[in-house]
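One structure is given here, and the rest of the page talks about it.
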Amino acid sequence: MNRRVNVLLSTFNGEKFLPELLDSLKRQSHEDWLLSVRDDGSTDGTLEILKIYRSSFPGMRISTGTNIGVIDSFFTLLRDGDPSCSFFAFCDQDDVWKPDKLADAVRCLSKVDIKGPALYCSRVEYVNEELKTTGFSRIPRRVGFGNALVENISSGCTFVLNSEARRLIISALPGSAIMHDWWCYLVVSCFGVVRYDPNPQVLYRQHGKNAVGGTASRWRNFSHRASRFLKNPGGMYRVTDQGRELALRFGGSINRENAATLAAFLRSKSRLSTRFRYALSPMGVWRQSRVDTFILRILILLGRY
């Protein structure tokens with residue numbers, strides 16, 4: 001197996017921070033990789049910056065299109081990825097990669113001892129616009145399918161998929177997903193192996209234009225979740241919608257254990273009595289903190305999930 005990585009970069013009006021990201025890609029200690037960029041309808045100088053850097057990245061491919069949003073843009077990149085590559089890495093325009101990010105991901109995935117879909121992701125180091133550290137993301141206690149149904153464990157900018165994971169995901173792209181990275185975690189955890197690296201590999205820049213943000217502050221994280229819940233009374237995260245999408249796309253091939261977990265989760269929303277019994281049971285789904293799992297139980301009782 002070769003160790004070539006296809007780095008998948010989606011851009012949109014990213015001229016402010018894009019050069020720092022591209023410079024960090026040039027510093028990668030793993031040298032066998034190529035860059036594929038899809039610009040999602042930028043109106044600033046993003047495309048000019050990409051053309052300037054083209055000479056620094058042999059084999060670099062740049063495609064342009066209308067604005068379809070970050071989720072579909074990344075799925076398009078994954079679908080159109082170079083089939084000669086063994087690994088596929090999502091890349092955000094406003095972050096900075098640490099030099100060993102690709103090397104550590106490839107090393108980790110190459111050690112997976114079973115054939116099939118595998119996903120690597122890592123901790124991130126939160127930084128401000130000037131790249132000064134503000135904190136670190138929390139390390140998950142336990143990863144797995146039951147968690148993926150109700151929570152994403154890391155940022156997509158850290159995700160690296162092996163070729164089997166890519167083939168599986170693009171074989172049945174979702175009509176609706178909360179985020180592209182969460183969908184990948186959900187699918188791979190259902191059918192394969194997820195490896196989490198506790199070492200932060202990406203400087204995750206926090207600024208006012210993040211498509212999706214994160215924070216090291218538990219109170220700010222809680223406030224953010226509460227705000228989303230209040231603004232969207234139909235459901236805090238639409239996790240059951242995403243679960244139904246998984247059942248629709250892959251239901252016939254899910255193993256017995258995961259199929260039972262998914263069916264119980266989806267069935268729980270049918271009526272109050274079912275939600276009550278489910279919320280007071282071991283459930284089979286969990287979030288990374290006990291407080292968040294307790295909040296999840298309350299949301300299940302309320303039917304807001």
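Residues are referred to by chain and number: the chain letter is A, B, ... according to the order shown in the structure tokens, the number counts from 1 in that chain, and ligands are numbered separately from 1 in the order shown.
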Give me the residues near stretch 124-128 of chain A as a short mmCIF file (atom, residue, chain, number, x, y, z; two decimals) with C-alpha atoms, in the first residue's frame, where near means some atom within 10 Å (using only C-alpha atoms) and where sequence neighbours in that chain fewer than 4 positions away do not count.
```
data_model
loop_
_atom_site.label_atom_id
_atom_site.label_comp_id
_atom_site.auth_asym_id
_atom_site.auth_seq_id
_atom_site.Cartn_x
_atom_site.Cartn_y
_atom_site.Cartn_z
CA ASP A 95 -6.30 26.73 10.35
CA VAL A 96 -2.60 25.89 10.62
CA TRP A 97 -1.33 22.32 10.53
CA LYS A 132 -2.00 32.67 20.23
CA THR A 133 -3.12 29.62 22.18
CA THR A 134 -6.43 29.95 24.05
CA GLY A 135 -6.90 26.32 25.08
CA PHE A 136 -7.30 22.74 23.88
CA SER A 137 -10.25 20.60 22.93
CA ARG A 138 -11.32 17.93 25.38
CA ILE A 139 -10.08 14.38 24.90
CA SER A 154 -13.38 16.19 16.80
CA SER A 155 -13.14 18.85 14.15
CA CYS A 157 -9.85 19.65 9.92
CA THR A 158 -8.17 16.76 11.79
CA ASP A 197 -4.97 11.06 18.66
CA PRO A 198 -4.76 12.94 21.99
CA ASN A 199 -1.91 15.06 20.62
CA PRO A 200 -3.17 18.33 19.08
CA GLN A 201 -2.21 18.34 15.40
CA VAL A 202 -4.01 21.47 14.20
CA LEU A 203 -4.07 25.09 15.35
CA TYR A 204 -7.83 25.68 15.20
CA ARG A 205 -8.31 29.38 14.65
CA GLN A 206 -11.28 31.02 16.36
CA HIS A 207 -12.74 34.06 14.64
CA GLY A 213 -16.62 26.98 15.89
CA GLY A 214 -15.31 25.33 19.01
CA THR A 215 -14.03 26.45 22.35
CA ALA A 216 -12.07 25.10 25.29
#
```
TODO: With a distance cut-off of 8 Å and only C-alpha atoms, select the neighbouring residues of A:Arg61, excluding the residue or stretch itself and same-chain residues fewer than 5 positions from it, and output the selection as a PyMOL selection string.
DONE: chain A and resi 35-37
Would you output that residue set with C-alpha atoms, as an mmCIF file, in the first residue's frame?
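Saved the output as out26.cif:
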```
data_model
loop_
_atom_site.group_PDB
_atom_site.id
_atom_site.type_symbol
_atom_site.label_atom_id
_atom_site.label_comp_id
_atom_site.auth_asym_id
_atom_site.auth_seq_id
_atom_site.Cartn_x
_atom_site.Cartn_y
_atom_site.Cartn_z
ATOM 1 C CA LEU A 35 -3.667 18.936 -2.839
ATOM 2 C CA SER A 36 -7.179 19.137 -4.278
ATOM 3 C CA VAL A 37 -9.052 22.412 -3.810
#
```
Counting only C-alpha atoms, the residue among A:Gly252, A:Gly175, A:Gly284, A:Pro99 that lies closest to A:Ser24 is A:Pro99
Applying 12 Å and only C-alpha atoms, which residues near A:His180 remain after dropping the ones on its own chain fewer than 3 positions away? List them as a ChimeraX atom specification. /A:10,69-78,90,152,154-157,159,169-170,173-177,183-187,212,242
**Request:** Please run DSSP on the backbone and report, as a ChimeraX atom specification, all residues within stretch 11-244 of chain A that come out as strand (DSSP E).
**Result:** /A:11,33-39,61-64,87-92,96-97,118-127,133-136,160-162,193-205
Would you put the residues from that selection into a file with C-alpha atoms, as a CSV table (one decimal), in the first residue's frame?
```csv
chain,number,residue,atom,x,y,z
A,11,THR,CA,-12.3,27.4,0.3
A,33,TRP,CA,0.7,14.0,-0.8
A,34,LEU,CA,-1.2,16.1,-3.3
A,35,LEU,CA,-3.7,18.9,-2.8
A,36,SER,CA,-7.2,19.1,-4.3
A,37,VAL,CA,-9.1,22.4,-3.8
A,38,ARG,CA,-12.7,23.2,-4.5
A,39,ASP,CA,-13.6,26.9,-4.3
A,61,ARG,CA,-5.9,20.6,-8.6
A,62,ILE,CA,-8.2,23.6,-8.4
A,63,SER,CA,-11.9,23.4,-9.2
A,64,THR,CA,-14.5,26.1,-8.9
A,87,PHE,CA,-5.6,8.4,2.5
A,88,PHE,CA,-7.9,11.5,2.3
A,89,ALA,CA,-7.5,14.4,4.7
A,90,PHE,CA,-10.1,17.2,5.2
A,91,CYS,CA,-8.5,20.7,5.4
A,92,ASP,CA,-10.0,24.0,6.5
A,96,VAL,CA,-2.6,25.9,10.6
A,97,TRP,CA,-1.3,22.3,10.5
A,118,ALA,CA,-10.7,3.6,9.2
A,119,LEU,CA,-10.8,7.2,10.4
A,120,TYR,CA,-8.1,9.2,12.2
A,121,CYS,CA,-8.9,12.4,14.1
A,122,SER,CA,-7.1,14.3,16.8
A,123,ARG,CA,-7.3,16.9,19.5
A,124,VAL,CA,-7.0,20.6,18.4
A,125,GLU,CA,-5.2,23.5,19.9
A,126,TYR,CA,-7.5,26.6,20.0
A,127,VAL,CA,-5.9,29.8,18.9
A,133,THR,CA,-3.1,29.6,22.2
A,134,THR,CA,-6.4,29.9,24.1
A,135,GLY,CA,-6.9,26.3,25.1
A,136,PHE,CA,-7.3,22.7,23.9
A,160,VAL,CA,-8.0,11.5,7.7
A,161,LEU,CA,-9.8,8.6,6.0
A,162,ASN,CA,-8.4,5.5,4.5
A,193,VAL,CA,-12.4,1.7,13.2
A,194,VAL,CA,-11.9,5.2,14.6
A,195,ARG,CA,-8.6,6.2,16.1
A,196,TYR,CA,-8.3,9.4,18.2
A,197,ASP,CA,-5.0,11.1,18.7
A,198,PRO,CA,-4.8,12.9,22.0
A,199,ASN,CA,-1.9,15.1,20.6
A,200,PRO,CA,-3.2,18.3,19.1
A,201,GLN,CA,-2.2,18.3,15.4
A,202,VAL,CA,-4.0,21.5,14.2
A,203,LEU,CA,-4.1,25.1,15.3
A,204,TYR,CA,-7.8,25.7,15.2
A,205,ARG,CA,-8.3,29.4,14.7
```
*Proximity to A:Val285 - best of A:Leu21, A:Val7, A:Ile68, A:Ala148, only C-alpha atoms*: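 Closest candidate: A:Ala148.
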query = For A:Leu109, which of A:Thr46, A:Asn255, A:Ser56, A:Ser163 is the closest residue, counting only C-alpha atoms?
reply =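 For A:Leu109, the nearest of the candidates is A:Ser163.
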Contacts of A:Val150 at 8 Å (only C-alpha atoms; same-chain gap of 5+ positions) as number ranges by chain: A: 239, 285-287
(message) Residues of stretch 61-203 of chain A classed as alpha helix (DSSP H) by DSSP on the backbone are to be reported as a ChimeraX atom specification.
(response) /A:70-79,101-110,145-148,163-170,180-191
| request: Within 8 Å of A:Gly14, counting only C-alpha atoms, which residues show up once you throw out same-chain ones fewer than 3 positions away? Write them as JSON, numbers by chain, please. | output: {"A": [11, 17, 18, 42, 44, 45, 46, 93, 94]}
May I have the selected residues written with C-alpha atoms, as a compact mmCIF listing (two decimals), in the first residue's frame?
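What follows is the written file part-v3.txt:
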```txt
# COMPACT_ATOMS: atom_id res chain seq x y z
CA THR A 11 -12.33 27.44 0.26
CA PHE A 17 -5.92 33.33 6.58
CA LEU A 18 -5.41 31.04 3.57
CA SER A 42 -15.41 33.02 -3.55
CA ASP A 44 -12.47 37.87 -2.81
CA GLY A 45 -8.85 37.12 -3.67
CA THR A 46 -8.94 33.44 -2.68
CA GLN A 93 -8.84 27.28 4.99
CA ASP A 94 -8.27 29.20 8.22
```
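Atom pair atom CA of A:Leu262 / atom CA of A:Leu299 has a distance of 17.3 Å (rounded to one decimal).
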Please list as a PDB file with C-alpha atoms, in the first residue's frame every residue within 8 Å of A:Ala172, counting only C-alpha atoms and excluding residues in the same chain fewer than 4 positions away.
```
ATOM      1  CA  LEU A 168     -17.941   3.460   1.736  1.00  0.00           C
ATOM      2  CA  ARG A 249     -28.458   4.689   3.183  1.00  0.00           C
ATOM      3  CA  PHE A 250     -26.914   1.686   4.925  1.00  0.00           C
TER       4      PHE A 250
END
```
